[in-house]
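For reference, the structure is listed below as structure tokens.
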Amino acid sequence: MKLDYSFIIPVYNRPQEIDELLHSMVAMQFDAAYEIVIVEDGSTDTAAAVIEKYTEQLQISYYQKENTGPGDSRNYGMRKAKGTYFLVLDSDVLLPMDYLQAVDRFLSASFVHCFGGPDGAHEDFTDLQKAISFSMTSYLTTGGIRGKKSRLGKFQPRSFNMGISKEAFEASGGFGDIHPGEDPDLTIRLWKLGYDTALIPDAVVFHKRRISWHKFYVQVHKFGLVRPILNAWHPDTAKITYWFPTAFVIYTLFSIVALGLGSWLFIGGWLVYMCLILVSAMLYTRSIRIGVQSLVAVLVQFYGYGKGFLTSYYYIHFLNRDPRKQFVKLFF
């Protein structure tokens with residue numbers, strides 16, 4: 001099956017990211033032509049001048065529109081795209097030279113209407129970016145949901161690195177108006193329509209994440225807020241594992257109280273888990289400094305997600321509040 005690929009990239013006030021992403025795409029090795037669709041989502045600092053630098057090297061379609069969020073911007077780009085298979089990327093990723101080769105090789109051998117690929121840290125990233133990347137991708141923290149497991153029952157692609165056929169896009173209507181969480185919502189709706197998803201382990205992107213500790217906390221807190229909403233929309237996909245960060249926070253507080261009362265039993269288990277993460281991070285990143293920052297990132301991630309999850313669960317599942325009214329900022 002011959003596939004015509006269109007990259008779909010929404011961007012909001014980040015021309016430098018687009019510059020770096022396009023620079024990585026110039027070096028990409030692939031025999032056939034492909035299209036790059038960039039959708040400026042109401043930016044005041046546009047990427048127009050950056051894109052002009054690459055028009056002779058890459059086939060780029062560039063659109064500017066009002067701000068309606070990343071999900072709707074991806075839908076907009078897919079409606080404008082000329083390809084038969086859409087490759088959805090965030091603007092803060094870089095592509096290795098063999099990215100499209102890996103995608104095409106997999107789809108040619110075992111076609112699937114929607115796929116996701118892993119993300120990782122490039123060697124040139126900052127220590128903070130590498131630490132957060134470890135926290136977000138380690139099997140010890142996220143259980144492989146972002147592509148670190150070779151066998152997953154049903155893989156939920158993430159929109160920083162995701163592919164979807166034109167057929168599946170048109171059948172599903174694309175991404176919804178929630179953000180974050182628009183990607184698992186789309187995946188679940190695709191399953192209900194009879195489309196399969198898959199992980200392409202070799203389709204790796206380098207996820208740069210221009211981020212600070214505060215921004216990271218805000219991001220993971222939103223992830224936590226979104227999950228109970230998705231569970232309410234799609235109750236058959238709810239899993240006990242989504243409670244893990246919340247359980248970790250509660251266990252941590254309980255361990256501290258127990259320690260104050262003279263018992264080391266519970267804090268001992270907590271320390272063993274923290275040591276496992278620290279050692280794993282130091283071995284993976286080959287740096288004591290980044291390993292320590294990774295440990296901090298895990299604590300921020302669990303606390304932010306766990307607090308958000310518990311808050312959202314209370315309002316959505318106990319009080320039966322309308323998510324769009326209770327969490328207005330999560331919807332466009």
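Here, A, B, ... name the chains of the structure tokens in the order displayed, residue numbers run from 1 inside each chain, and ligands are numbered from 1 in the same displayed order.
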
May I have all residues of range 80-162 of chain A that DSSP, computed from the backbone, assigns to strand (DSSP E), given as a ChimeraX atom specification? /A:85-89,93-94,114-116,119-120,161-162

Would you mind telling me which residue in A:Val88, A:Val300, A:Ile250, A:Ile277 lies nearest to His221 in chain A when using only C-alpha atoms? A:Val300

Would you give me, as a Markdown table, each residue of range 35-78 of chain A having an atom within 6 Å of an atom of range 1-22 of chain A, along with its shortest atom pair and that distance in Å to one decimal, using only C-alpha atoms and sorting by chain and residue number?
| residue | atom | partner | partner_atom | distance |
| --- | --- | --- | --- | --- |
| A:Glu35 | CA | A:Ser6 | CA | 4.6 |
| A:Ile36 | CA | A:Phe7 | CA | 4.6 |
| A:Val37 | CA | A:Ile8 | CA | 5.0 |
| A:Ile38 | CA | A:Ile9 | CA | 4.8 |
| A:Val39 | CA | A:Pro10 | CA | 4.7 |
| A:Glu40 | CA | A:Val11 | CA | 5.2 |
| A:Asp41 | CA | A:Tyr12 | CA | 5.4 |
| A:Ser43 | CA | A:Asn13 | CA | 4.9 |
| A:Asp45 | CA | A:Asn13 | CA | 4.8 |
| A:Thr46 | CA | A:Asn13 | CA | 5.9 |
| A:Ala47 | CA | A:Pro15 | CA | 4.3 |
| A:Val50 | CA | A:Asp19 | CA | 5.9 |
| A:Ser73 | CA | A:Pro10 | CA | 5.9 |
| A:Gly77 | CA | A:Ile8 | CA | 5.9 |

For a test of reading the model, state the distance in Å between CA of Tyr99 in chain A and CA of Ala203 in chain A, rounded to one decimal.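 Taking CA of Tyr99 in chain A and CA of Ala203 in chain A, their separation equals 5.3 Å.
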
Would you mind telling me which residue in A:Glu170, A:Lys325, A:Ala131, A:Val292 lies nearest to Tyr76 in chain A when using only C-alpha atoms? A:Glu170

Which of range 65-125 of chain A end up as alpha helix (DSSP H) when DSSP is run on this backbone - answer as a ChimeraX atom specification? /A:70-80,99-109

Could you state the separation of CA of Lys80 in chain A and CA of Ile178 in chain A in Å, given to one decimal place? 21.7 Å

Of the candidates A:Phe332, A:Phe216, A:Phe248, A:Trp233, which one gets nearest to Leu128 in chain A if we count only C-alpha atoms? A:Phe216

Distance criterion (only C-alpha atoms): nearest to Thr137 in chain A out of A:Lys329, A:Arg324, A:His234, A:His207: A:His207

Using only C-alpha atoms, which protein or nucleic acid residues come within 9 Å of Leu330 in chain A? Drop anything in the same chain fewer than 4 positions from it, and give the result as an mmCIF file with all heavy atoms, in the first residue's frame.
data_model
loop_
_atom_site.group_PDB
_atom_site.id
_atom_site.type_symbol
_atom_site.label_atom_id
_atom_site.label_comp_id
_atom_site.auth_asym_id
_atom_site.auth_seq_id
_atom_site.Cartn_x
_atom_site.Cartn_y
_atom_site.Cartn_z
ATOM 1 N N ASP A 177 -12.613 18.928 22.057
ATOM 2 C CA ASP A 177 -12.289 20.276 22.530
ATOM 3 C C ASP A 177 -11.645 20.297 23.904
ATOM 4 O O ASP A 177 -11.386 21.374 24.445
ATOM 5 C CB ASP A 177 -13.547 21.157 22.538
ATOM 6 C CG ASP A 177 -14.638 20.619 23.463
ATOM 7 O OD1 ASP A 177 -14.513 19.478 23.941
ATOM 8 O OD2 ASP A 177 -15.624 21.354 23.698
ATOM 9 N N ILE A 178 -11.361 19.130 24.497
ATOM 10 C CA ILE A 178 -10.674 19.096 25.784
ATOM 11 C C ILE A 178 -9.171 19.175 25.557
ATOM 12 O O ILE A 178 -8.659 18.694 24.544
ATOM 13 C CB ILE A 178 -11.038 17.816 26.566
ATOM 14 C CG1 ILE A 178 -10.551 17.915 28.012
ATOM 15 C CG2 ILE A 178 -10.499 16.576 25.867
ATOM 16 C CD1 ILE A 178 -11.048 16.786 28.905
ATOM 17 N N HIS A 179 -8.453 19.814 26.486
ATOM 18 C CA HIS A 179 -6.990 19.863 26.407
ATOM 19 C C HIS A 179 -6.417 20.122 27.797
ATOM 20 O O HIS A 179 -6.812 21.072 28.452
ATOM 21 C CB HIS A 179 -6.517 20.976 25.467
ATOM 22 C CG HIS A 179 -5.010 21.076 25.420
ATOM 23 N ND1 HIS A 179 -4.217 20.146 24.792
ATOM 24 C CD2 HIS A 179 -4.172 21.988 25.962
ATOM 25 C CE1 HIS A 179 -2.948 20.480 24.930
ATOM 26 N NE2 HIS A 179 -2.894 21.603 25.634
ATOM 27 N N PRO A 180 -5.478 19.271 28.245
ATOM 28 C CA PRO A 180 -4.987 18.065 27.572
ATOM 29 C C PRO A 180 -6.036 16.956 27.643
ATOM 30 O O PRO A 180 -7.094 17.144 28.239
ATOM 31 C CB PRO A 180 -3.743 17.704 28.376
ATOM 32 C CG PRO A 180 -4.029 18.218 29.750
ATOM 33 C CD PRO A 180 -4.817 19.490 29.557
ATOM 34 N N GLY A 181 -5.722 15.812 27.065
ATOM 35 C CA GLY A 181 -6.630 14.680 27.090
ATOM 36 C C GLY A 181 -7.332 14.428 25.779
ATOM 37 O O GLY A 181 -8.049 13.439 25.622
ATOM 38 N N LYS A 222 -2.814 19.283 35.230
ATOM 39 C CA LYS A 222 -3.878 19.225 34.232
ATOM 40 C C LYS A 222 -4.116 17.795 33.762
ATOM 41 O O LYS A 222 -5.261 17.382 33.559
ATOM 42 C CB LYS A 222 -3.536 20.122 33.039
ATOM 43 C CG LYS A 222 -3.687 21.609 33.307
ATOM 44 C CD LYS A 222 -3.391 22.417 32.059
ATOM 45 C CE LYS A 222 -3.592 23.897 32.290
ATOM 46 N NZ LYS A 222 -3.287 24.685 31.058
ATOM 47 N N LEU A 225 -6.269 16.261 36.299
ATOM 48 C CA LEU A 225 -7.647 16.748 36.223
ATOM 49 C C LEU A 225 -8.426 16.074 35.101
ATOM 50 O O LEU A 225 -9.619 15.781 35.229
ATOM 51 C CB LEU A 225 -7.658 18.266 36.004
ATOM 52 C CG LEU A 225 -7.212 19.157 37.160
ATOM 53 C CD1 LEU A 225 -7.129 20.614 36.701
ATOM 54 C CD2 LEU A 225 -8.172 19.045 38.346
ATOM 55 N N VAL A 226 -7.749 15.823 34.001
ATOM 56 C CA VAL A 226 -8.413 15.308 32.802
ATOM 57 C C VAL A 226 -8.820 13.843 32.937
ATOM 58 O O VAL A 226 -9.887 13.442 32.450
ATOM 59 C CB VAL A 226 -7.487 15.506 31.579
ATOM 60 C CG1 VAL A 226 -7.886 14.593 30.437
ATOM 61 C CG2 VAL A 226 -7.509 16.963 31.133
ATOM 62 N N PRO A 323 -18.183 18.606 33.624
ATOM 63 C CA PRO A 323 -16.757 18.964 33.479
ATOM 64 C C PRO A 323 -16.544 20.309 32.792
ATOM 65 O O PRO A 323 -15.636 21.063 33.171
ATOM 66 C CB PRO A 323 -16.191 17.826 32.635
ATOM 67 C CG PRO A 323 -17.114 16.682 32.864
ATOM 68 C CD PRO A 323 -18.474 17.283 33.047
ATOM 69 N N ARG A 324 -17.351 20.620 31.797
ATOM 70 C CA ARG A 324 -17.170 21.866 31.050
ATOM 71 C C ARG A 324 -17.490 23.101 31.891
ATOM 72 O O ARG A 324 -16.961 24.181 31.620
ATOM 73 C CB ARG A 324 -18.023 21.851 29.773
ATOM 74 C CG ARG A 324 -17.465 20.937 28.687
ATOM 75 C CD ARG A 324 -18.329 20.944 27.432
ATOM 76 N NE ARG A 324 -17.627 20.316 26.319
ATOM 77 C CZ ARG A 324 -17.528 19.010 26.133
ATOM 78 N NH1 ARG A 324 -18.120 18.186 27.013
ATOM 79 N NH2 ARG A 324 -16.862 18.508 25.111
#

Students should find that CA of Gln301 in chain A and CA of Tyr313 in chain A are spaced 17.7 Å

Shortest contact to Phe206 in chain A, candidates A:Gln59, A:Ser165, A:Gln326, A:Ser24, atoms counted only C-alpha atoms, goes to A:Ser24

List every residue of range 103-163 of chain A that has an atom at most 7 Å from any atom of range 186-200 of chain A, and for each one report the closest atom pair and its distance in Å to one decimal, counting only C-alpha atoms, with rows sorted by chain and then by increasing residue number, as a Markdown table.
| residue | atom | partner | partner_atom | distance |
| --- | --- | --- | --- | --- |
| A:Val112 | CA | A:Asp196 | CA | 6.3 |
| A:His113 | CA | A:Tyr195 | CA | 6.4 |
| A:Cys114 | CA | A:Thr197 | CA | 4.8 |
| A:Phe115 | CA | A:Ala198 | CA | 4.7 |
| A:Gly116 | CA | A:Leu199 | CA | 5.1 |
| A:Gly117 | CA | A:Ile200 | CA | 5.2 |
| A:Gly147 | CA | A:Leu199 | CA | 6.6 |
| A:Lys154 | CA | A:Thr197 | CA | 6.8 |
| A:Phe155 | CA | A:Ala198 | CA | 5.6 |
| A:Gln156 | CA | A:Thr187 | CA | 6.1 |

Please produce a file of the residues just selected, as a short mmCIF file (atom, residue, chain, number, x, y, z; two decimals), in the first residue's frame, where the atoms kept are C-alpha atoms.
data_model
loop_
_atom_site.label_atom_id
_atom_site.label_comp_id
_atom_site.auth_asym_id
_atom_site.auth_seq_id
_atom_site.Cartn_x
_atom_site.Cartn_y
_atom_site.Cartn_z
CA VAL A 112 -2.94 0.25 11.25
CA HIS A 113 -5.22 3.29 11.10
CA CYS A 114 -3.68 4.98 14.15
CA PHE A 115 -0.27 4.66 15.80
CA GLY A 116 1.86 6.31 18.40
CA GLY A 117 5.60 6.46 18.94
CA GLY A 147 5.84 3.70 24.50
CA LYS A 154 -4.17 -1.41 23.46
CA PHE A 155 -1.72 1.41 23.02
CA GLN A 156 -3.00 4.95 23.48
#

Which one of A:Met274, A:Val249, A:Ala102, A:Val218 sits closest to Val296 in chain A if you count only C-alpha atoms?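 Smallest separation from Val296 in chain A among the options: A:Met274.
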
Write out as a count of residues only each polymer residue whose atoms come within 6 Å of Met28 in chain A, counting only C-alpha atoms; drop sequence neighbours fewer than 2 positions from it. 3

If we count only C-alpha atoms, what is near Gly269 in chain A at a cut-off of 12 Å, once residues fewer than 2 positions away on the same chain are taken out, given as a compact mmCIF listing (two decimals) with all heavy atoms, in the first residue's frame?
# COMPACT_ATOMS: atom_id res chain seq x y z
N PHE A 248 0.18 7.24 45.82
CA PHE A 248 1.55 7.54 46.25
C PHE A 248 1.56 8.75 47.18
O PHE A 248 2.24 8.76 48.21
CB PHE A 248 2.43 7.80 45.04
CG PHE A 248 3.83 8.24 45.38
CD1 PHE A 248 4.82 7.31 45.67
CD2 PHE A 248 4.15 9.59 45.42
CE1 PHE A 248 6.10 7.73 46.00
CE2 PHE A 248 5.43 10.01 45.75
CZ PHE A 248 6.41 9.08 46.04
N TYR A 251 0.06 7.76 50.50
CA TYR A 251 1.00 6.90 51.21
C TYR A 251 2.16 7.72 51.79
O TYR A 251 2.62 7.47 52.91
CB TYR A 251 1.54 5.83 50.27
CG TYR A 251 2.48 4.85 50.92
CD1 TYR A 251 1.99 3.71 51.56
CD2 TYR A 251 3.86 5.04 50.90
CE1 TYR A 251 2.85 2.80 52.16
CE2 TYR A 251 4.73 4.15 51.50
CZ TYR A 251 4.22 3.03 52.13
OH TYR A 251 5.07 2.14 52.73
N THR A 252 2.63 8.70 51.01
CA THR A 252 3.73 9.55 51.49
C THR A 252 3.32 10.31 52.75
O THR A 252 4.06 10.35 53.74
CB THR A 252 4.15 10.54 50.39
OG1 THR A 252 4.58 9.82 49.24
CG2 THR A 252 5.27 11.44 50.87
N PHE A 254 0.90 9.54 54.83
CA PHE A 254 0.70 8.57 55.91
C PHE A 254 2.04 8.14 56.50
O PHE A 254 2.18 8.00 57.72
CB PHE A 254 -0.07 7.36 55.36
CG PHE A 254 -0.34 6.31 56.39
CD1 PHE A 254 -1.41 6.44 57.27
CD2 PHE A 254 0.46 5.18 56.49
CE1 PHE A 254 -1.67 5.47 58.24
CE2 PHE A 254 0.21 4.20 57.44
CZ PHE A 254 -0.85 4.35 58.33
N SER A 255 3.03 7.94 55.64
CA SER A 255 4.36 7.51 56.10
C SER A 255 5.01 8.57 56.98
O SER A 255 5.67 8.25 57.98
CB SER A 255 5.26 7.20 54.90
OG SER A 255 4.72 6.16 54.11
N ILE A 256 4.81 9.83 56.61
CA ILE A 256 5.38 10.93 57.41
C ILE A 256 4.72 10.99 58.78
O ILE A 256 5.39 11.17 59.81
CB ILE A 256 5.22 12.27 56.66
CG1 ILE A 256 6.08 12.26 55.39
CG2 ILE A 256 5.59 13.44 57.56
CD1 ILE A 256 5.85 13.46 54.49
N SER A 263 7.19 5.14 63.96
CA SER A 263 7.24 3.94 63.13
C SER A 263 7.98 4.23 61.82
O SER A 263 7.60 5.13 61.06
CB SER A 263 5.81 3.45 62.82
OG SER A 263 5.86 2.38 61.90
N TRP A 264 9.01 3.39 61.54
CA TRP A 264 9.79 3.52 60.31
C TRP A 264 9.29 2.57 59.22
O TRP A 264 9.82 2.57 58.11
CB TRP A 264 11.26 3.19 60.59
CG TRP A 264 11.98 4.30 61.28
CD1 TRP A 264 11.97 4.59 62.61
CD2 TRP A 264 12.82 5.28 60.67
NE1 TRP A 264 12.74 5.69 62.89
CE2 TRP A 264 13.29 6.13 61.70
CE3 TRP A 264 13.23 5.52 59.36
CZ2 TRP A 264 14.13 7.20 61.45
CZ3 TRP A 264 14.08 6.58 59.11
CH2 TRP A 264 14.52 7.42 60.14
N LEU A 265 8.30 1.77 59.52
CA LEU A 265 7.87 0.71 58.61
C LEU A 265 7.43 1.25 57.25
O LEU A 265 7.90 0.79 56.20
CB LEU A 265 6.72 -0.09 59.25
CG LEU A 265 6.11 -1.19 58.37
CD1 LEU A 265 7.17 -2.25 58.06
CD2 LEU A 265 4.91 -1.81 59.08
N PHE A 266 6.57 2.24 57.24
CA PHE A 266 5.99 2.72 55.98
C PHE A 266 6.96 3.61 55.21
O PHE A 266 7.06 3.54 53.99
CB PHE A 266 4.68 3.46 56.25
CG PHE A 266 3.64 2.59 56.88
CD1 PHE A 266 3.40 2.65 58.25
CD2 PHE A 266 2.93 1.68 56.12
CE1 PHE A 266 2.45 1.83 58.84
CE2 PHE A 266 1.97 0.86 56.70
CZ PHE A 266 1.74 0.93 58.07
N ILE A 267 7.70 4.45 55.92
CA ILE A 267 8.67 5.31 55.26
C ILE A 267 9.79 4.48 54.64
O ILE A 267 10.41 4.88 53.64
CB ILE A 267 9.25 6.36 56.22
CG1 ILE A 267 9.84 7.55 55.44
CG2 ILE A 267 10.29 5.75 57.15
CD1 ILE A 267 8.82 8.41 54.76
N LEU A 271 11.19 4.88 50.90
CA LEU A 271 12.60 5.13 50.61
C LEU A 271 13.16 4.12 49.61
O LEU A 271 13.97 4.46 48.75
CB LEU A 271 13.42 5.11 51.91
CG LEU A 271 13.20 6.30 52.85
CD1 LEU A 271 13.90 6.05 54.18
CD2 LEU A 271 13.70 7.59 52.21
N VAL A 272 12.72 2.87 49.71
CA VAL A 272 13.19 1.85 48.77
C VAL A 272 12.76 2.22 47.35
O VAL A 272 13.56 2.14 46.40
CB VAL A 272 12.64 0.46 49.15
CG1 VAL A 272 12.87 -0.55 48.02
CG2 VAL A 272 13.29 -0.04 50.43
N TYR A 273 11.51 2.64 47.19
CA TYR A 273 11.01 3.03 45.87
C TYR A 273 11.77 4.24 45.34
O TYR A 273 12.15 4.29 44.16
CB TYR A 273 9.52 3.33 45.95
CG TYR A 273 8.89 3.75 44.65
CD1 TYR A 273 8.92 2.92 43.53
CD2 TYR A 273 8.27 4.99 44.53
CE1 TYR A 273 8.34 3.30 42.33
CE2 TYR A 273 7.68 5.38 43.34
CZ TYR A 273 7.72 4.54 42.25
OH TYR A 273 7.15 4.92 41.07
N MET A 274 12.02 5.22 46.20
CA MET A 274 12.77 6.40 45.78
C MET A 274 14.19 6.04 45.37
O MET A 274 14.73 6.58 44.40
CB MET A 274 12.80 7.44 46.92
CG MET A 274 11.48 8.11 47.21
SD MET A 274 10.91 9.20 45.87
CE MET A 274 9.75 8.13 45.04
N CYS A 275 14.80 5.12 46.10
CA CYS A 275 16.16 4.69 45.75
C CYS A 275 16.18 3.98 44.40
O CYS A 275 17.12 4.17 43.61
CB CYS A 275 16.72 3.77 46.84
SG CYS A 275 17.18 4.63 48.36
N LEU A 276 15.17 3.17 44.13
CA LEU A 276 15.08 2.50 42.83
C LEU A 276 15.01 3.52 41.70
O LEU A 276 15.67 3.37 40.67
CB LEU A 276 13.86 1.59 42.79
CG LEU A 276 13.96 0.26 43.55
CD1 LEU A 276 12.61 -0.45 43.54
CD2 LEU A 276 15.03 -0.63 42.93
